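I have placed the structure first, in the form of structure tokens, so that the comments after it can refer back to it.
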Amino acid sequence: MQHRIIVLGAGYTGAMAAGRLARRLHRDDVAITLVNAEPDFVERVRMHQLAAGQELTARPFAEMFAGTGVELRIARVTGVDVDRKTVSVVDADGGGAGTGELEYDTLVYALGSGWDDQGVPGVAEHAHEVASRAGALRLRERLAGLAAGQSVVVVGGGLTGLEAASEIAEARPDLDVTLAARGGLGDWLSPKGRGHVRKVFDGLGITVHEHAAVTAVAADRVTTADGEVIPAAATVWTTGFAVHPIARATALEVGDTGQIVVDASMRSVSHPDVYAVGDAALAMGPGDKPLRMSCASGGPAALLCVDGIAARLTGRKIPRTAVRYFNQCISLGRKEGLIQYVTADDRAVGAALTGRFAARYKELVCKGAAWAVANPTFGLPTRRRRVTSPGVREAARTGSAVQASA
């Protein structure tokens with residue numbers, strides 16, 4: 001009987017994990033199903049570009065996974081029962097005909113995250129987000145309808161906020177673009193990095209409100225904690241991400257954020273037949289700090305997950321590696337960028353790349369991430385390993401130690 005592996009979510013981490021599992025394990029021994037609500041891969045790191053009016057390359061999953069043995073199920077996940085080991089789904093077209101349950105032996109949970117309104121009044125009703133393709137397209141339509149001189153306020157001074165504000169200002173120099181940041185502009189960056197961001201923002205004509213926590217959003221304005229009112233014909237909310245709520249509704253051990261608590265191989269600490277990757281996972285990195293929600297964390301975490309599953313099912317030694325950081329890549333429009341080098345635990349150091357070279361560097365990173373998803377088996381040996389005896393499979397399911405020599 002085949003070992004059933006279900007991967008939930010086909011973002012960067014889920015799609016990469018599914019493809020690599022298909023390459024690592026023999027098709028006669030495993031049945032891999034990838035469940036995703038959309039039929040195309042979404043380059044989430046480019047959603048600010050989509051919102052600003054740029055066209056992105058279509059990447060259908062049917063083409064990406066053709067010939068890999070991965071079965072695609074275009075459906076929305078409505079629930080996970082980790083005791084019965086089932087996943088409830090409904091076809092993504094909403095018709096209901098495809099509603100049903102999928103049974104698994106191993107589950108890879110990669111449902112990711114969406115925007116977080118943080119409970120601020122008016123955000124859900126009046127603000128736009130760039131955490132999803134649907135949200136970016138809605139913002140794109142709104143921006144297209146704005147006349148010269150109208151105001152756009154980007155709330156949030158993190159990576160997404162910097163990228164969204166600069167992309168919109170470059171694409172629409174006729175608009176009045178403002179960034180409202182809770183802290184200082186780029187205050188986590190090195191002095192060189194902060195200086196470059198400020199220089200680019202000045203050149204693009206972006207107004208910056210620092211130490212301005214937004215406490216309310218209306219259709220035509222935002223209000224800060226000190227009572228300042230900033231006009232906004234369109235508000236873009238980029239203050240952070242919230243994970244998909246399904247994990248919190250299960251018996252899985254989750255953290256305060258709703259992320260699934262995992263070990264060094266991305267395996268749930270409470271249910272050993274469940275793995276979590278990407279934004280859905282609460283994993284500890286260097287310095288005993290939680291890995292941040294990012295592609296920089298998700299890609300390496302997906303590889304650790306695949307290594308752990310493959311090793312346990314084939315009776316081989318589980319690799320002992322760790323996720324670490326090297327840099328933060330920030331696009332500041334199409335012509336400018338910032339590559340901020342960081343320590344292993346993601347703290348900025350003095351070195352940074354700026355200007356057009358940094359913009360090209362970031363573009364290569366984005367293209368490389370999409371290429372890695374579309375070609376998840378590149379560089380791996382052609383040999384697909386056989387799943388070992390049922391006893392080893394049972395050990396993998398229950399969490400017993402199976403550490404054969406490689």
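Every chain in the structure tokens has a letter given in the order shown (A, B, ...), and although residue numbers restart at 1 in each chain, ligands are simply numbered from 1 in the order shown.
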Which of region 47-140 of chain A counts as helix (DSSP H, G or I) under DSSP, as a ChimeraX atom specification please? /A:47-51,61-64,123-126,133-140
File of the preceding selection, N, CA and C atoms, as a PDB file, in the first residue's frame:
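File written: out_20.pdb
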ATOM      1  N   MET A  47       3.872  40.951  -5.387  1.00  0.00           N
ATOM      2  CA  MET A  47       2.515  41.476  -5.367  1.00  0.00           C
ATOM      3  C   MET A  47       2.475  43.000  -5.397  1.00  0.00           C
ATOM      4  N   HIS A  48       3.495  43.657  -4.863  1.00  0.00           N
ATOM      5  CA  HIS A  48       3.532  45.123  -4.953  1.00  0.00           C
ATOM      6  C   HIS A  48       3.729  45.568  -6.395  1.00  0.00           C
ATOM      7  N   GLN A  49       4.434  44.768  -7.184  1.00  0.00           N
ATOM      8  CA  GLN A  49       4.600  45.076  -8.601  1.00  0.00           C
ATOM      9  C   GLN A  49       3.270  44.909  -9.351  1.00  0.00           C
ATOM     10  N   LEU A  50       2.559  43.835  -9.043  1.00  0.00           N
ATOM     11  CA  LEU A  50       1.261  43.609  -9.670  1.00  0.00           C
ATOM     12  C   LEU A  50       0.314  44.762  -9.340  1.00  0.00           C
ATOM     13  N   ALA A  51       0.309  45.187  -8.087  1.00  0.00           N
ATOM     14  CA  ALA A  51      -0.564  46.287  -7.674  1.00  0.00           C
ATOM     15  C   ALA A  51      -0.225  47.576  -8.395  1.00  0.00           C
ATOM     16  N   PHE A  61       0.294  25.366 -12.356  1.00  0.00           N
ATOM     17  CA  PHE A  61       0.809  24.190 -11.664  1.00  0.00           C
ATOM     18  C   PHE A  61       0.745  22.952 -12.545  1.00  0.00           C
ATOM     19  N   ALA A  62      -0.253  22.888 -13.413  1.00  0.00           N
ATOM     20  CA  ALA A  62      -0.379  21.712 -14.284  1.00  0.00           C
ATOM     21  C   ALA A  62       0.864  21.535 -15.142  1.00  0.00           C
ATOM     22  N   GLU A  63       1.468  22.630 -15.550  1.00  0.00           N
ATOM     23  CA  GLU A  63       2.704  22.551 -16.335  1.00  0.00           C
ATOM     24  C   GLU A  63       3.902  22.299 -15.432  1.00  0.00           C
ATOM     25  N   MET A  64       3.934  22.960 -14.280  1.00  0.00           N
ATOM     26  CA  MET A  64       5.078  22.830 -13.389  1.00  0.00           C
ATOM     27  C   MET A  64       5.261  21.403 -12.880  1.00  0.00           C
ATOM     28  N   VAL A 123      -9.811  49.060   9.103  1.00  0.00           N
ATOM     29  CA  VAL A 123      -8.846  48.456   8.172  1.00  0.00           C
ATOM     30  C   VAL A 123      -9.535  47.461   7.244  1.00  0.00           C
ATOM     31  N   ALA A 124     -10.300  46.538   7.809  1.00  0.00           N
ATOM     32  CA  ALA A 124     -10.950  45.516   6.992  1.00  0.00           C
ATOM     33  C   ALA A 124     -11.897  46.128   5.970  1.00  0.00           C
ATOM     34  N   GLU A 125     -12.538  47.232   6.320  1.00  0.00           N
ATOM     35  CA  GLU A 125     -13.523  47.846   5.435  1.00  0.00           C
ATOM     36  C   GLU A 125     -12.897  48.753   4.375  1.00  0.00           C
ATOM     37  N   HIS A 126     -11.814  49.431   4.714  1.00  0.00           N
ATOM     38  CA  HIS A 126     -11.343  50.507   3.844  1.00  0.00           C
ATOM     39  C   HIS A 126      -9.927  50.342   3.295  1.00  0.00           C
ATOM     40  N   ARG A 133      -2.828  37.702  -4.353  1.00  0.00           N
ATOM     41  CA  ARG A 133      -3.037  38.174  -5.716  1.00  0.00           C
ATOM     42  C   ARG A 133      -4.361  38.919  -5.828  1.00  0.00           C
ATOM     43  N   ALA A 134      -5.410  38.407  -5.179  1.00  0.00           N
ATOM     44  CA  ALA A 134      -6.702  39.078  -5.243  1.00  0.00           C
ATOM     45  C   ALA A 134      -6.610  40.479  -4.644  1.00  0.00           C
ATOM     46  N   GLY A 135      -5.908  40.593  -3.514  1.00  0.00           N
ATOM     47  CA  GLY A 135      -5.760  41.899  -2.887  1.00  0.00           C
ATOM     48  C   GLY A 135      -4.956  42.850  -3.743  1.00  0.00           C
ATOM     49  N   ALA A 136      -3.877  42.360  -4.355  1.00  0.00           N
ATOM     50  CA  ALA A 136      -3.046  43.208  -5.207  1.00  0.00           C
ATOM     51  C   ALA A 136      -3.817  43.686  -6.425  1.00  0.00           C
ATOM     52  N   LEU A 137      -4.675  42.821  -6.974  1.00  0.00           N
ATOM     53  CA  LEU A 137      -5.470  43.209  -8.139  1.00  0.00           C
ATOM     54  C   LEU A 137      -6.522  44.247  -7.774  1.00  0.00           C
ATOM     55  N   ARG A 138      -7.099  44.131  -6.576  1.00  0.00           N
ATOM     56  CA  ARG A 138      -8.058  45.149  -6.133  1.00  0.00           C
ATOM     57  C   ARG A 138      -7.379  46.496  -5.958  1.00  0.00           C
ATOM     58  N   LEU A 139      -6.175  46.480  -5.381  1.00  0.00           N
ATOM     59  CA  LEU A 139      -5.427  47.724  -5.222  1.00  0.00           C
ATOM     60  C   LEU A 139      -5.041  48.290  -6.579  1.00  0.00           C
ATOM     61  N   ARG A 140      -4.660  47.434  -7.480  1.00  0.00           N
ATOM     62  CA  ARG A 140      -4.309  47.866  -8.837  1.00  0.00           C
ATOM     63  C   ARG A 140      -5.468  48.619  -9.487  1.00  0.00           C
TER      64      ARG A 140
END
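Within 7 Å of region 209-211 of chain A, once only C-alpha atoms are used and residues closer than 2 positions along the same chain are dropped, the contacting residues are Leu179, Ala180, Ala181, Arg182, Gly183, Gly184, Leu185, Thr207 and Ala213 of chain A.
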Taking only region 99-336 of chain A into account, list the residues labelled strand (DSSP E) by DSSP (computed from the backbone), as a ChimeraX atom specification. /A:100-103,106-109,113-115,127-128,151-155,176-180,207-209,214-218,221-224,229-231,234-237,241-243,260-261,274-276,281-282,327-331
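Coordinates place CA of Gly255 (chain A) at a distance of 28.7 Å from CA of Ala212 (chain A).
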